[in-house]
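Okay, run.cif is below, mmCIF, C-alpha atoms and all ligand atoms:
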data_run
#
loop_
_atom_site.label_atom_id
_atom_site.label_comp_id
_atom_site.auth_asym_id
_atom_site.auth_seq_id
_atom_site.Cartn_x
_atom_site.Cartn_y
_atom_site.Cartn_z
CA MET S 1 -16.41 -275.00 -58.36
CA SER S 2 -16.09 -275.09 -54.56
CA ALA S 3 -17.88 -277.64 -52.40
CA GLU S 4 -19.82 -274.83 -50.73
CA MET S 5 -21.20 -273.57 -54.03
CA LYS S 6 -22.20 -277.08 -54.98
CA SER S 7 -24.15 -277.65 -51.77
CA THR S 8 -26.37 -274.59 -52.37
CA GLU S 9 -27.32 -275.71 -55.89
CA ALA S 10 -30.86 -277.01 -56.23
CA PRO S 11 -31.00 -280.41 -57.91
CA LEU S 12 -32.33 -280.16 -61.47
CA ALA S 13 -35.94 -281.29 -61.26
CA VAL S 14 -36.81 -283.05 -64.48
CA PRO S 15 -40.19 -284.80 -64.40
CA SER S 16 -40.53 -288.31 -65.77
CA TYR S 17 -41.09 -288.44 -69.53
CA LEU S 18 -44.05 -290.68 -68.67
CA ASP S 19 -45.89 -287.92 -66.77
CA GLN S 20 -48.76 -286.67 -68.91
CA ALA S 21 -50.91 -283.65 -68.16
CA PRO S 22 -54.63 -284.58 -68.23
CA GLU S 23 -55.18 -282.92 -71.63
CA VAL S 24 -52.19 -284.79 -73.10
CA ALA S 25 -53.41 -288.14 -71.72
CA ALA S 26 -56.89 -287.40 -73.12
CA ARG S 27 -55.38 -286.60 -76.50
CA PHE S 28 -53.50 -289.92 -76.59
CA SER S 29 -56.57 -291.89 -75.67
CA ARG S 30 -58.49 -290.19 -78.52
CA LEU S 31 -55.58 -290.78 -80.90
CA LYS S 32 -55.56 -294.51 -80.16
CA GLN S 33 -59.26 -294.74 -80.92
CA ARG S 34 -58.74 -293.33 -84.41
CA PRO S 35 -58.55 -295.85 -87.28
CA VAL S 36 -55.19 -297.45 -87.99
CA ILE S 37 -53.79 -296.12 -91.28
CA LEU S 38 -50.47 -297.99 -91.33
CA GLU S 39 -49.98 -301.36 -89.71
CA VAL S 40 -46.46 -302.83 -89.75
CA ARG S 41 -46.14 -306.41 -88.52
CA ASP S 42 -42.86 -308.23 -87.90
CA LEU S 43 -41.22 -306.34 -90.72
CA SER S 44 -37.70 -307.52 -91.55
CA LYS S 45 -35.22 -306.58 -94.22
CA THR S 46 -31.92 -308.30 -94.88
CA PHE S 47 -29.62 -307.10 -97.65
CA THR S 48 -27.51 -309.74 -99.28
CA ALA S 49 -24.75 -308.91 -101.72
CA PRO S 50 -22.59 -311.54 -103.42
CA GLY S 51 -19.35 -312.19 -101.50
CA ARG S 52 -20.47 -310.18 -98.45
CA SER S 53 -22.12 -311.26 -95.24
CA PRO S 54 -25.82 -310.34 -95.12
CA THR S 55 -26.85 -307.07 -93.38
CA VAL S 56 -29.94 -307.26 -91.20
CA ALA S 57 -31.21 -303.70 -91.66
CA LEU S 58 -34.52 -304.30 -89.87
CA ASP S 59 -35.41 -307.13 -87.55
CA ARG S 60 -39.09 -307.86 -86.87
CA ILE S 61 -40.42 -304.33 -86.40
CA SER S 62 -44.08 -303.91 -85.46
CA PHE S 63 -46.07 -300.71 -84.92
CA GLN S 64 -49.21 -298.87 -85.99
CA ALA S 65 -49.82 -295.31 -87.08
CA HIS S 66 -53.27 -293.92 -86.41
CA ARG S 67 -55.14 -291.49 -88.60
CA ARG S 68 -53.57 -288.01 -88.51
CA GLU S 69 -50.82 -289.17 -86.22
CA LEU S 70 -47.35 -287.70 -86.62
CA LEU S 71 -45.02 -290.58 -85.89
CA CYS S 72 -41.29 -289.93 -85.77
CA VAL S 73 -38.62 -292.59 -86.23
CA ILE S 74 -35.30 -291.96 -84.56
CA GLY S 75 -32.09 -293.91 -84.14
CA PRO S 76 -28.38 -293.87 -84.88
CA SER S 77 -27.02 -293.85 -88.41
CA GLY S 78 -27.39 -297.27 -90.04
CA CYS S 79 -30.27 -298.47 -87.83
CA GLY S 80 -32.58 -298.93 -90.81
CA LYS S 81 -34.59 -295.68 -90.80
CA SER S 82 -34.32 -295.08 -94.53
CA THR S 83 -34.91 -298.77 -95.19
CA LEU S 84 -38.16 -298.54 -93.22
CA ALA S 85 -39.28 -295.49 -95.24
CA ARG S 86 -38.38 -297.21 -98.52
CA LEU S 87 -40.25 -300.37 -97.53
CA VAL S 88 -43.40 -298.44 -96.62
CA ALA S 89 -43.03 -296.47 -99.87
CA GLY S 90 -42.93 -299.79 -101.72
CA LEU S 91 -39.47 -299.06 -103.16
CA GLU S 92 -38.00 -302.16 -101.45
CA GLU S 93 -39.41 -305.62 -100.86
CA PRO S 94 -39.47 -306.85 -97.26
CA SER S 95 -37.62 -310.06 -96.38
CA GLY S 96 -40.33 -310.89 -93.86
CA GLY S 97 -43.47 -309.56 -92.25
CA GLU S 98 -46.13 -307.34 -93.72
CA MET S 99 -47.31 -303.76 -94.07
CA LEU S 100 -50.94 -302.75 -94.44
CA LEU S 101 -52.18 -299.35 -95.55
CA ASP S 102 -55.86 -298.90 -94.67
CA GLY S 103 -55.94 -302.65 -94.21
CA THR S 104 -54.58 -303.44 -97.68
CA PRO S 105 -51.14 -305.03 -98.10
CA ILE S 106 -48.52 -302.69 -99.57
CA ARG S 107 -47.11 -304.08 -102.80
CA GLY S 108 -44.97 -301.55 -104.60
CA PRO S 109 -45.23 -297.77 -104.83
CA GLY S 110 -48.58 -295.99 -105.03
CA SER S 111 -50.05 -292.51 -105.05
CA ASP S 112 -51.55 -293.22 -101.62
CA ARG S 113 -48.07 -292.52 -100.18
CA GLY S 114 -46.23 -289.26 -100.79
CA MET S 115 -42.50 -288.99 -100.17
CA VAL S 116 -40.16 -286.15 -99.27
CA PHE S 117 -36.45 -286.96 -99.06
CA GLN S 118 -33.48 -285.03 -97.73
CA SER S 119 -32.06 -284.48 -101.19
CA TYR S 120 -34.03 -282.11 -103.34
CA THR S 121 -36.10 -284.09 -105.77
CA LEU S 122 -37.80 -281.40 -107.84
CA PHE S 123 -37.36 -281.57 -111.60
CA PRO S 124 -34.90 -278.75 -112.41
CA TRP S 125 -36.34 -278.14 -115.87
CA LEU S 126 -39.90 -277.53 -114.62
CA THR S 127 -41.26 -274.47 -112.81
CA VAL S 128 -42.46 -274.85 -109.23
CA LEU S 129 -46.06 -274.92 -110.45
CA LYS S 130 -45.31 -277.58 -113.10
CA ASN S 131 -43.43 -279.63 -110.54
CA VAL S 132 -46.49 -279.71 -108.31
CA MET S 133 -48.78 -280.41 -111.28
CA PHE S 134 -46.56 -283.24 -112.50
CA GLY S 135 -47.99 -286.05 -110.35
CA LEU S 136 -51.54 -284.87 -110.95
CA GLU S 137 -51.18 -285.02 -114.71
CA VAL S 138 -49.36 -288.36 -114.69
CA GLY S 139 -52.45 -289.88 -113.08
CA GLY S 140 -54.36 -288.76 -116.19
CA GLN S 141 -57.55 -288.14 -114.22
CA MET S 142 -57.31 -284.38 -114.27
CA SER S 143 -57.43 -281.84 -117.05
CA ASP S 144 -54.62 -279.32 -117.31
CA SER S 145 -56.68 -276.53 -115.80
CA GLU S 146 -57.95 -278.72 -112.96
CA ALA S 147 -54.38 -279.80 -112.18
CA GLU S 148 -53.22 -276.19 -112.23
CA SER S 149 -55.90 -274.98 -109.86
CA GLU S 150 -55.22 -277.92 -107.52
CA ALA S 151 -51.47 -277.24 -107.62
CA ARG S 152 -52.02 -273.54 -106.89
CA THR S 153 -54.07 -274.44 -103.80
CA TRP S 154 -51.15 -276.46 -102.46
CA LEU S 155 -48.60 -273.78 -103.32
CA GLN S 156 -50.71 -271.37 -101.31
CA MET S 157 -50.76 -273.81 -98.41
CA VAL S 158 -46.94 -273.88 -98.31
CA GLY S 159 -46.62 -270.12 -98.93
CA LEU S 160 -45.08 -270.34 -102.41
CA THR S 161 -47.75 -268.65 -104.51
CA LYS S 162 -45.33 -265.90 -105.55
CA PHE S 163 -42.81 -268.47 -106.74
CA ALA S 164 -45.12 -270.51 -108.98
CA THR S 165 -43.20 -269.56 -112.12
CA ALA S 166 -39.72 -269.82 -110.55
CA TYR S 167 -37.41 -272.74 -111.29
CA PRO S 168 -36.00 -274.89 -108.47
CA HIS S 169 -32.50 -273.36 -108.74
CA GLN S 170 -34.03 -269.97 -107.92
CA LEU S 171 -35.36 -271.23 -104.58
CA SER S 172 -33.67 -271.51 -101.18
CA GLY S 173 -33.30 -274.96 -99.61
CA GLY S 174 -36.31 -274.41 -97.35
CA MET S 175 -38.47 -273.29 -100.27
CA LYS S 176 -37.47 -276.33 -102.31
CA GLN S 177 -38.62 -278.58 -99.49
CA ARG S 178 -41.89 -276.66 -99.18
CA ALA S 179 -42.42 -277.20 -102.92
CA ALA S 180 -41.63 -280.91 -102.44
CA ILE S 181 -44.20 -281.09 -99.63
CA ALA S 182 -46.79 -279.36 -101.87
CA ARG S 183 -46.04 -281.84 -104.66
CA ALA S 184 -46.38 -284.82 -102.32
CA LEU S 185 -49.65 -283.55 -100.80
CA ALA S 186 -51.22 -282.54 -104.13
CA ASN S 187 -51.80 -286.20 -104.92
CA ARG S 188 -53.92 -286.44 -101.74
CA PRO S 189 -51.99 -289.38 -100.30
CA ARG S 190 -53.10 -291.18 -97.15
CA MET S 191 -49.59 -290.94 -95.75
CA LEU S 192 -46.62 -288.66 -96.05
CA LEU S 193 -43.23 -290.39 -95.68
CA MET S 194 -40.46 -287.96 -94.85
CA ASP S 195 -36.85 -289.17 -94.67
CA GLU S 196 -34.74 -286.52 -92.90
CA PRO S 197 -36.38 -283.85 -95.09
CA PHE S 198 -34.80 -280.92 -93.21
CA GLY S 199 -31.41 -282.56 -92.67
CA ALA S 200 -29.59 -280.43 -95.24
CA LEU S 201 -30.98 -277.09 -94.02
CA ASP S 202 -29.26 -274.61 -91.71
CA ALA S 203 -30.47 -274.62 -88.09
CA GLN S 204 -32.72 -271.58 -88.38
CA THR S 205 -34.43 -272.64 -91.62
CA ARG S 206 -34.83 -276.10 -90.18
CA CYS S 207 -36.68 -274.73 -87.16
CA GLN S 208 -38.93 -272.67 -89.42
CA MET S 209 -39.67 -275.72 -91.59
CA GLN S 210 -40.64 -277.76 -88.54
CA SER S 211 -43.16 -275.08 -87.58
CA TYR S 212 -44.46 -274.89 -91.16
CA LEU S 213 -44.90 -278.66 -91.24
CA LEU S 214 -46.93 -278.59 -88.02
CA GLN S 215 -49.11 -275.80 -89.45
CA ILE S 216 -49.70 -277.74 -92.67
CA TRP S 217 -50.39 -280.98 -90.79
CA ARG S 218 -53.09 -279.25 -88.74
CA GLN S 219 -54.91 -278.22 -91.93
CA VAL S 220 -54.72 -281.51 -93.82
CA ASP S 221 -56.01 -285.02 -93.17
CA ILE S 222 -52.64 -286.72 -93.38
CA THR S 223 -50.74 -289.30 -91.34
CA ILE S 224 -47.00 -288.63 -91.25
CA LEU S 225 -44.05 -290.98 -90.80
CA PHE S 226 -41.14 -288.62 -90.20
CA ILE S 227 -37.58 -289.91 -90.03
CA THR S 228 -34.87 -287.96 -88.25
CA HIS S 229 -31.78 -288.40 -86.16
CA ASP S 230 -32.32 -285.04 -84.44
CA LEU S 231 -33.72 -285.50 -80.92
CA ASP S 232 -35.19 -281.98 -80.64
CA GLU S 233 -36.87 -282.32 -84.01
CA ALA S 234 -38.47 -285.61 -82.99
CA VAL S 235 -39.79 -284.25 -79.68
CA TYR S 236 -41.02 -281.03 -81.28
CA LEU S 237 -42.94 -282.78 -84.05
CA ALA S 238 -44.08 -286.18 -82.86
CA ASP S 239 -47.11 -287.63 -81.18
CA ARG S 240 -45.10 -290.79 -80.65
CA ILE S 241 -41.47 -291.62 -81.36
CA LEU S 242 -40.30 -294.99 -82.59
CA ILE S 243 -36.78 -295.53 -81.29
CA LEU S 244 -34.65 -297.98 -83.27
CA ASP S 245 -31.43 -299.74 -82.28
CA ALA S 246 -28.74 -300.40 -84.85
CA HIS S 247 -27.19 -303.69 -86.05
CA PRO S 248 -29.64 -305.24 -86.28
CA GLY S 249 -32.31 -302.54 -86.55
CA ARG S 250 -34.76 -303.40 -83.79
CA LEU S 251 -37.60 -301.50 -82.19
CA ARG S 252 -36.35 -300.40 -78.81
CA GLU S 253 -39.26 -298.33 -77.61
CA LEU S 254 -42.37 -296.55 -78.79
CA MET S 255 -42.54 -293.40 -76.73
CA GLU S 256 -45.47 -291.03 -76.26
CA VAL S 257 -44.38 -287.39 -76.29
CA ALA S 258 -46.06 -285.67 -73.34
CA VAL S 259 -45.58 -282.15 -74.74
CA PRO S 260 -49.01 -280.49 -75.23
CA ARG S 261 -50.25 -279.36 -78.64
CA PRO S 262 -50.31 -277.01 -80.43
CA ARG S 263 -46.54 -276.91 -80.24
CA SER S 264 -44.41 -273.80 -80.37
CA ALA S 265 -40.69 -273.12 -80.13
CA ASP S 266 -41.17 -271.76 -76.56
CA GLN S 267 -41.79 -275.31 -75.42
CA PHE S 268 -38.17 -276.32 -76.03
CA LEU S 269 -37.47 -275.22 -72.46
CA SER S 270 -40.61 -276.69 -70.88
CA PRO S 271 -40.22 -279.50 -68.31
CA ALA S 272 -42.16 -281.98 -70.48
CA PHE S 273 -39.94 -281.24 -73.49
CA ILE S 274 -36.75 -281.55 -71.48
CA ALA S 275 -37.94 -284.81 -69.90
CA ALA S 276 -38.73 -286.35 -73.31
CA ARG S 277 -35.45 -285.20 -74.78
CA HIS S 278 -33.52 -286.43 -71.77
CA HIS S 279 -35.10 -289.86 -72.09
CA LEU S 280 -34.20 -290.07 -75.79
CA GLU S 281 -30.65 -289.04 -74.98
CA GLU S 282 -30.36 -291.74 -72.35
CA LEU S 283 -31.58 -294.33 -74.84
CA ILE S 284 -29.44 -293.24 -77.75
CA HIS S 285 -26.39 -291.54 -76.30
CA PRO S 286 -24.79 -294.39 -74.27
CA ARG S 287 -24.56 -296.39 -77.46
CA ALA S 288 -22.75 -293.58 -79.23
CA VAL S 289 -20.31 -293.37 -76.29
CA GLU S 290 -19.76 -297.15 -76.46
CA ALA S 291 -18.92 -296.82 -80.14
CA ALA S 292 -16.52 -293.93 -79.43
CA ASP S 293 -14.77 -296.07 -76.80
CA LYS S 294 -13.58 -298.31 -79.57
CA LEU S 295 -11.54 -295.55 -81.27
CA PRO S 296 -7.79 -296.27 -81.17
CA VAL S 297 -6.97 -293.16 -79.13
CA PHE S 298 -3.35 -292.87 -77.99
CA ARG S 299 -1.66 -290.34 -75.83
CA MET S 300 0.33 -287.49 -77.40
CA THR S 301 0.79 -285.29 -74.35
CA VAL S 302 3.28 -285.34 -71.52
CA VAL S 303 2.38 -286.13 -67.93
CA GLY S 304 1.35 -282.94 -66.14
CA ASP S 305 -0.55 -281.20 -68.95
CA GLU S 306 -3.86 -283.02 -68.46
CA VAL S 307 -6.94 -281.25 -69.68
CA GLU S 308 -9.63 -281.02 -67.03
N1 LIG X 1 -29.26 -301.33 -100.87
C1 LIG X 1 -28.53 -301.75 -99.83
N2 LIG X 1 -27.67 -302.79 -99.97
C2 LIG X 1 -26.96 -303.26 -98.93
N3 LIG X 1 -27.04 -302.76 -97.68
C3 LIG X 1 -27.87 -301.73 -97.46
C4 LIG X 1 -28.67 -301.17 -98.53
N4 LIG X 1 -29.41 -300.15 -98.02
C5 LIG X 1 -29.10 -300.09 -96.71
N5 LIG X 1 -28.18 -301.04 -96.38
C6 LIG X 1 -27.64 -301.27 -95.02
O1 LIG X 1 -28.71 -301.40 -94.13
C7 LIG X 1 -28.45 -300.74 -92.90
C8 LIG X 1 -29.51 -299.68 -92.65
O2 LIG X 1 -29.36 -298.64 -93.60
P1 LIG X 1 -30.31 -297.35 -93.64
O3 LIG X 1 -31.73 -297.81 -93.67
O4 LIG X 1 -29.86 -296.49 -94.75
O5 LIG X 1 -29.98 -296.68 -92.23
P2 LIG X 1 -30.29 -295.20 -91.67
O6 LIG X 1 -31.20 -294.53 -92.64
O7 LIG X 1 -30.91 -295.43 -90.32
O8 LIG X 1 -28.97 -294.52 -91.54
C9 LIG X 1 -27.03 -300.18 -93.01
O9 LIG X 1 -26.15 -301.09 -92.42
C10 LIG X 1 -26.82 -300.08 -94.50
O10 LIG X 1 -25.46 -300.21 -94.82
MG MG X 2 -31.10 -292.74 -93.69
#

For this file, produce the structure as structure tokens.
Amino acid sequence: MSAEMKSTEAPLAVPSYLDQAPEVAARFSRLKQRPVILEVRDLSKTFTAPGRSPTVALDRISFQAHRRELLCVIGPSGCGKSTLARLVAGLEEPSGGEMLLDGTPIRGPGSDRGMVFQSYTLFPWLTVLKNVMFGLEVGGQMSDSEAESEARTWLQMVGLTKFATAYPHQLSGGMKQRAAIARALANRPRMLLMDEPFGALDAQTRCQMQSYLLQIWRQVDITILFITHDLDEAVYLADRILILDAHPGRLRELMEVAVPRPRSADQFLSPAFIAARHHLEELIHPRAVEAADKLPVFRMTVVGDEVE
């Protein structure tokens, strides 16, 4: 590109990610007044295996999720995202700190937290309907017909009514995850913990699932902790984004997403969206570049054939 062409280019005007339109600022101030559903204080997790040096997966993480907040957790691979989800789910014991759900310490798994993982976790031998009914019947507090009518309500919510009698192998990846969301929500948990739930889906289905999730979230009284390593996904979904650093997993920043709600795919190109995404990239990307610098790259070309 010639110098002349460059000089006529307007500089790209990206607003600060901190700029909030009045309605966005008002929304955040209301959000912070809502009750705290999840309180995480100084949470640490160190894995120790015989003969290996200990891994500090999480190092004194503290944050709160307010009622009906959608909180995303983002960070490079190995920064402790899944460990955080498993701790809140009660599947792992913390090495330090505490977690409170509605003010009560979390000790082990409970039906007050629903989980959706990346890998499909439906029982292959049960129909979609029976999969959703499963948790309801295990609790033993519902009759068969009550459980069925409850399960059907949730299948309707995720648009799977027509597939109630199908088996998981007959569903697409996106449909399986919708069934998993229905199953998690049918137990009426206080929180939904989602660990890269759309990570295995193709780009288009993934986008659709993000929109579905936002639609569902607007209809249900649920607080969501959503783990991802996809920057666009985090900005599109989140009220706030918890950014973690790796080795050891530390809280780097808790960012408010200034993109107005309700969200739609058109907003991907809005200044507020680009500003938020740009900020995340600046936080996360330099570290990836640093890591790449360490690769043992050696030259296999001859002088004079440089790639520009
Ligand atoms: N059960 C385990 N035993 C030993 N180390 C583990 C275990 N689970 C996770 N780790 C380590 O803890 C760190 C964080 O892992 P994880 O939470 O899976 O990261 P992420 O989900 O962000 O990719 C990694 O270094 C990982 O190797
Ligand atoms: Mg993970």

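Across the structure, atom CA of Thr121 of chain S and atom CA of Asp144 of chain S are spaced 22.3 Å apart.
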
I need every residue sitting at most 8 Å from the point (-39.7, -281.5, -108.5) (coordinates as in the file, only C-alpha atoms considered), written as a PDB file with C-alpha atoms, in the frame of the given file.
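And here's part08.pdb as it stands now:
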ATOM      1  CA  TYR S 120     -34.030-282.110-103.340  1.00  0.00           C
ATOM      2  CA  THR S 121     -36.100-284.090-105.770  1.00  0.00           C
ATOM      3  CA  LEU S 122     -37.800-281.400-107.840  1.00  0.00           C
ATOM      4  CA  PHE S 123     -37.360-281.570-111.600  1.00  0.00           C
ATOM      5  CA  PRO S 124     -34.900-278.750-112.410  1.00  0.00           C
ATOM      6  CA  LEU S 126     -39.900-277.530-114.620  1.00  0.00           C
ATOM      7  CA  VAL S 128     -42.460-274.850-109.230  1.00  0.00           C
ATOM      8  CA  ASN S 131     -43.430-279.630-110.540  1.00  0.00           C
ATOM      9  CA  VAL S 132     -46.490-279.710-108.310  1.00  0.00           C
ATOM     10  CA  PRO S 168     -36.000-274.890-108.470  1.00  0.00           C
ATOM     11  CA  ALA S 179     -42.420-277.200-102.920  1.00  0.00           C
ATOM     12  CA  ALA S 180     -41.630-280.910-102.440  1.00  0.00           C
ATOM     13  CA  ARG S 183     -46.040-281.840-104.660  1.00  0.00           C
TER      14      ARG S 183
END

Exercise for review: Write out as a ChimeraX atom specification which residues come within 7 Å of Leu185 of chain S when counting only C-alpha atoms, dropping same-chain ones fewer than 4 positions away.
Suggested key: /S:114,181,189

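Computed from the coordinates, the atom CA of Leu38 of chain S to atom CA of Leu100 of chain S distance equals 5.7 Å.
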
Report as a PDB file with C-alpha atoms, in the frame of the given file which protein, DNA and RNA residues come within 9 Å of ligand LIG 1 (chain X), using all atoms listed in the file.
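The result, written out as pocket_10.pdb:
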ATOM      1  CA  LYS S  45     -35.220-306.580 -94.220  1.00  0.00           C
ATOM      2  CA  THR S  46     -31.920-308.300 -94.880  1.00  0.00           C
ATOM      3  CA  PHE S  47     -29.620-307.100 -97.650  1.00  0.00           C
ATOM      4  CA  THR S  48     -27.510-309.740 -99.280  1.00  0.00           C
ATOM      5  CA  ALA S  49     -24.750-308.910-101.720  1.00  0.00           C
ATOM      6  CA  PRO S  54     -25.820-310.340 -95.120  1.00  0.00           C
ATOM      7  CA  THR S  55     -26.850-307.070 -93.380  1.00  0.00           C
ATOM      8  CA  VAL S  56     -29.940-307.260 -91.200  1.00  0.00           C
ATOM      9  CA  ALA S  57     -31.210-303.700 -91.660  1.00  0.00           C
ATOM     10  CA  LEU S  58     -34.520-304.300 -89.870  1.00  0.00           C
ATOM     11  CA  ILE S  74     -35.300-291.960 -84.560  1.00  0.00           C
ATOM     12  CA  GLY S  75     -32.090-293.910 -84.140  1.00  0.00           C
ATOM     13  CA  PRO S  76     -28.380-293.870 -84.880  1.00  0.00           C
ATOM     14  CA  SER S  77     -27.020-293.850 -88.410  1.00  0.00           C
ATOM     15  CA  GLY S  78     -27.390-297.270 -90.040  1.00  0.00           C
ATOM     16  CA  CYS S  79     -30.270-298.470 -87.830  1.00  0.00           C
ATOM     17  CA  GLY S  80     -32.580-298.930 -90.810  1.00  0.00           C
ATOM     18  CA  LYS S  81     -34.590-295.680 -90.800  1.00  0.00           C
ATOM     19  CA  SER S  82     -34.320-295.080 -94.530  1.00  0.00           C
ATOM     20  CA  THR S  83     -34.910-298.770 -95.190  1.00  0.00           C
ATOM     21  CA  LEU S  84     -38.160-298.540 -93.220  1.00  0.00           C
ATOM     22  CA  ALA S  85     -39.280-295.490 -95.240  1.00  0.00           C
ATOM     23  CA  ARG S  86     -38.380-297.210 -98.520  1.00  0.00           C
ATOM     24  CA  GLU S  92     -38.000-302.160-101.450  1.00  0.00           C
ATOM     25  CA  ASP S 195     -36.850-289.170 -94.670  1.00  0.00           C
ATOM     26  CA  GLU S 196     -34.740-286.520 -92.900  1.00  0.00           C
ATOM     27  CA  ILE S 227     -37.580-289.910 -90.030  1.00  0.00           C
ATOM     28  CA  THR S 228     -34.870-287.960 -88.250  1.00  0.00           C
ATOM     29  CA  HIS S 229     -31.780-288.400 -86.160  1.00  0.00           C
ATOM     30  CA  LEU S 244     -34.650-297.980 -83.270  1.00  0.00           C
ATOM     31  CA  ALA S 246     -28.740-300.400 -84.850  1.00  0.00           C
ATOM     32  CA  HIS S 247     -27.190-303.690 -86.050  1.00  0.00           C
ATOM     33  CA  PRO S 248     -29.640-305.240 -86.280  1.00  0.00           C
ATOM     34  CA  GLY S 249     -32.310-302.540 -86.550  1.00  0.00           C
TER      35      GLY S 249
END

**Study point:** Coordinates-based distance that separates atom CA of Pro262 of chain S from atom CA of Arg218 of chain S (Å, one decimal)
**Key:**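 Computing the Euclidean distance for atom CA of Arg218 of chain S and atom CA of Pro262 of chain S yields 9.0 Å.
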
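For the set S:Val303, S:Val14, S:Leu201, S:Ala25, the residue with the smallest atom-to-atom gap to Lys176 of chain S is S:Leu201, counting all atoms listed in the file.
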
Review point. So which residues are close to (-44.6, -279.6, -72.8), meaning at most 9 Å away in the file's coordinates with all atoms listed in the file counted, and can you show them as a VMD selection string?
Key: chain S and resid 21 257 to 261 263 267 to 276

Point to revise | Using all atoms listed in the file: which of S:Ala151, S:Val73, S:His285, S:Met142 has the shortest distance to ligand MG 2 (chain X) | key: S:Val73

**Study point:** Contacts of Met99 of chain S at 7 Å (only C-alpha atoms; same-chain gap of 6+ positions) as a PyMOL selection string
**Key:** chain S and resi 39-41+105-106

Review point. Of the residues S:Met255, S:Ala186, S:Leu71, S:Met194, which is the one nearest to ligand MG 2 (chain X), using only C-alpha atoms and all ligand atoms?
Key: S:Met194

Check your understanding: What lies within 12 Å of Phe198 of chain S using all atoms listed in the file, ignoring chain neighbours under 4 positions off, as a PyMOL selection string?
Key -> chain S and resi 116-120+173-178+180-181+194+202-213+226-230+233-234

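Of the listed residues (S:Gly90, S:Pro286, S:Gly199, S:Pro22), S:Gly199 comes nearest to ligand MG 2 (chain X); the distances count all atoms listed in the file.
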
Point to revise | Pick from S:Thr153, S:Ala89, S:Asn187, S:Trp125 nearest to Tyr167 of chain S, counting only C-alpha atoms | key: S:Trp125

Practice item. Identify which of the residues S:Gly51, S:Pro94, S:Gly110, S:Gly304 lies closest to Met191 of chain S, counting all atoms listed in the file when measuring atom-to-atom distances. Key: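 Residue with the minimum atom-to-atom distance to Met191 of chain S: S:Gly110.
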